[in-house]
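Have a look at the structure below, then the notes.
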2 protein chains.
Amino acid sequence: MGVTKTEIFTEQQNRLAVLLKAIAHPARIAILQEIINSNACICGDLVSELGLAQATISQHLKELKNAGLIQGTIEGASVCYCINPDSWETLKNELDGFFKSYKGPTTCC
Amino acid sequence: MGVTKTEIFTEQQNRLAVLLKAIAHPARIAILQEIINSNACICGDLVSELGLAQATISQHLKELKNAGLIQGTIEGASVCYCINPDSWETLKNELDGFFKSYKGPTTCC
DNA sequence: CATTTATATCGCAATATTACGATTATTTTT
DNA sequence: AAAAATAATCGTAATATTGCGATATAAATG
């Protein structure tokens, strides 16, 4: 046991869960914010900005990249990470739909 | 180690991460969708709707409740769960702000 | 009041996540 | 080419999550 039963849920539910899980960590939220705010793409500056080891940051970046939320391009010895505009837009819209599907409180509770 | 270093992140980052983590599971997404779609609040119908054991559903409901996303009111022998309108709205806005802070692709990657 | 119904909680096994030191690979710099 | 800088990967320890059977709790029903 201990494994998420993905087979009993819809494609959409699983996909949304994977993307949200990728964001659902303070370090990865911080990384995304850094990438967004420094309008130039930052690389290993994250290691000095956030207080985490280089291996840890690299691992978080990998997860964000696996989820498709960011993309990295090699720039000499360092790597330049930035938001993947398409998946960012897709997730934004999907989440928007999800949150808007709730039409306010009902009478029961 | 293996413990998230919450102390090095901002309140906002930690709060958002906790809320997103609560949603970031297909079963909990399915539960939220069920609660939203059945405009009457459902109770243990979730157990028959989704293919998970009663103990598992109850645990997922607890997590959603702990995160403040849903609230349960006792209704006789059963419990009626529905969305917490305030936290739902708050999270929606916070996420909206987060996603909107990205102003499209830059020149670098 | 015994029985059924509806949920919650406990305890456990399987697995996933988080963090980091050490190492490796690659590119700059000297 | 050696040294330094940058980032990825490996291995590992600590902890968290997921799922469920078994059990507990509480209300409804007979």
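The chains in the structure tokens are called A, B, ... from first to last as shown; in each chain the residues are counted from 1, and the ligands are counted from 1 in the order shown.
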
Q: Determine which residues of chain B receive a DSSP assignment of strand (DSSP E), computed from the backbone, and state them as a PyMOL selection string.
A: chain B and resi 70-75+78-83

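For DT9 (chain C), the list of residues within 12 Å, based on only C-alpha atoms (C1' of nucleotides) and with local chain neighbours fewer than 2 positions off taken out, reads Gln54, Ala55, Thr56, Ser58, Gln59 and Lys62 of chain B; DT7 and DG11 of chain C; DA22, DT23, DA24 and DT25 of chain D.
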
I'd like the neighbourhood of DT23 (chain C) as a PDB file with C-alpha atoms (C1' of nucleotides), in the first residue's frame, where a residue qualifies if any of its atoms comes within 12 Å (using only C-alpha atoms (C1' of nucleotides)), though same-chain residues fewer than 6 positions away should be ignored.
ATOM      1  CA  ALA A  55      22.071  19.730  -4.379  1.00  0.00           C
TER       2      ALA A  55
ATOM      3  C1'  DA D   8      23.748  17.474 -12.101  1.00  0.00           C
ATOM      4  C1'  DT D   9      23.586  13.039  -9.975  1.00  0.00           C
ATOM      5  C1'  DC D  10      24.308   9.367  -6.386  1.00  0.00           C
ATOM      6  C1'  DG D  11      23.656   7.572  -2.000  1.00  0.00           C
TER       7       DG D  11
END

Q | Contacts of region 84-90 of chain B within 7 Å, only C-alpha atoms (C1' of nucleotides), excl. fewer than 2 positions in-chain, as a list in words | A | Gly104 and Pro105 of chain A; Gly68, Leu69, Ile70, Gln71, Cys82, Lys92, Asn93 and Glu94 of chain B

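Residues from chain C found within 8 Å of chain B are DT5, DA6, DT7, DA8, DT17, DT18, DA19 and DC20 of chain C, counting only C-alpha atoms (C1' of nucleotides).
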
Write a file of the just-selected residues containing N, CA, C and O atoms (P, O5', C5', C4', C3', O3' and C1' of nucleotides), as a compact mmCIF listing (two decimals), in the first residue's frame.
# COMPACT_ATOMS: atom_id res chain seq x y z
P DT C 5 -27.80 -1.34 8.05
O5' DT C 5 -27.32 0.15 8.33
C5' DT C 5 -28.28 1.14 8.72
C4' DT C 5 -27.58 2.48 8.85
C3' DT C 5 -26.50 2.75 7.82
O3' DT C 5 -26.67 4.07 7.32
C1' DT C 5 -25.64 3.07 9.98
P DA C 6 -25.68 4.69 6.25
O5' DA C 6 -24.76 5.55 7.21
C5' DA C 6 -25.29 6.68 7.88
C4' DA C 6 -24.15 7.49 8.46
C3' DA C 6 -23.00 7.74 7.49
O3' DA C 6 -22.58 9.09 7.63
C1' DA C 6 -22.18 6.67 9.42
P DT C 7 -21.58 9.70 6.57
O5' DT C 7 -20.37 10.13 7.48
C5' DT C 7 -19.87 9.19 8.38
C4' DT C 7 -19.09 9.86 9.48
C3' DT C 7 -17.69 10.24 9.06
O3' DT C 7 -17.27 11.37 9.82
C1' DT C 7 -17.61 8.44 10.59
P DA C 8 -15.84 12.01 9.57
O5' DA C 8 -14.97 11.44 10.78
C5' DA C 8 -15.46 11.62 12.11
C4' DA C 8 -14.53 10.93 13.09
C3' DA C 8 -13.05 11.22 12.89
O3' DA C 8 -12.50 11.56 14.15
C1' DA C 8 -13.41 8.89 12.92
P DT C 17 7.05 11.77 -4.66
O5' DT C 17 7.64 12.54 -3.39
C5' DT C 17 6.77 12.91 -2.35
C4' DT C 17 7.54 13.68 -1.28
C3' DT C 17 8.46 14.79 -1.81
O3' DT C 17 8.17 15.94 -1.05
C1' DT C 17 9.63 13.35 -0.33
P DT C 18 8.78 17.35 -1.41
O5' DT C 18 10.03 17.46 -0.44
C5' DT C 18 9.82 17.37 0.96
C4' DT C 18 11.14 17.43 1.69
C3' DT C 18 12.15 18.42 1.13
O3' DT C 18 12.48 19.34 2.14
C1' DT C 18 13.15 16.32 1.56
P DA C 19 13.36 20.61 1.83
O5' DA C 19 14.83 20.12 2.18
C5' DA C 19 15.11 19.71 3.51
C4' DA C 19 16.50 19.10 3.58
C3' DA C 19 17.57 19.90 2.86
O3' DA C 19 18.50 20.40 3.81
C1' DA C 19 17.75 17.58 2.43
P DC C 20 19.66 21.32 3.38
O5' DC C 20 20.85 20.29 3.21
C5' DC C 20 21.18 19.45 4.30
C4' DC C 20 22.23 18.46 3.86
C3' DC C 20 23.37 19.12 3.07
O3' DC C 20 24.59 18.67 3.60
C1' DC C 20 22.54 17.26 1.93

Go through chain D residue by residue and, counting only C-alpha atoms (C1' of nucleotides), keep those with an atom at most 12 Å from chain B; for each kept residue give the shortest atom pair and its distance in Å to one decimal, ordered by chain and increasing number, as a Markdown table.
| residue | atom | partner | partner_atom | distance |
| --- | --- | --- | --- | --- |
| D:DT12 | C1' | B:Met1 | CA | 10.0 |
| D:DA13 | C1' | B:Met1 | CA | 6.3 |
| D:DA14 | C1' | B:Met1 | CA | 4.5 |
| D:DT15 | C1' | B:Gly2 | CA | 5.4 |
| D:DA16 | C1' | B:Val3 | CA | 8.5 |
| D:DT17 | C1' | B:His25 | CA | 10.5 |
| D:DT18 | C1' | B:Thr56 | CA | 8.3 |
| D:DG19 | C1' | B:Thr56 | CA | 6.1 |
| D:DC20 | C1' | B:Ala53 | CA | 6.7 |
| D:DG21 | C1' | B:Ala55 | CA | 9.0 |
| D:DA22 | C1' | B:Ala55 | CA | 10.5 |
| D:DT23 | C1' | B:Ala55 | CA | 11.5 |
| D:DT25 | C1' | B:Ala77 | CA | 10.9 |
| D:DA26 | C1' | B:Ala77 | CA | 7.1 |
| D:DA27 | C1' | B:Ala77 | CA | 4.5 |
| D:DA28 | C1' | B:Ala77 | CA | 6.9 |
| D:DT29 | C1' | B:Ala77 | CA | 11.4 |

(Q) Please determine, counting only C-alpha atoms, which residue among A:Lys21, A:Ser38, A:Ile74, A:Leu46 has the shortest atom-to-atom distance to chain B. (A)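 That would be A:Lys21, the residue with the smallest distance to chain B.
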
Q.
Should the cut-off be 6 Å, what would the residue list for chain A against chain B look like, counting only C-alpha atoms, as a list of chain:residue names?
A.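 Listing them in order of chain and number gives A:Gln13, A:Asn14, A:Ala17, A:Leu20, A:Lys21, A:Ala24, A:His25, A:Pro26, A:Ile36, A:Tyr102.
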
(Q) Write out as an MDAnalysis selection string the set of residues from chain B that DSSP, computed on the backbone, places in helix (DSSP H, G or I). (A) chainID B and resid 6:8 11:23 26:37 45:49 54:66 85:100
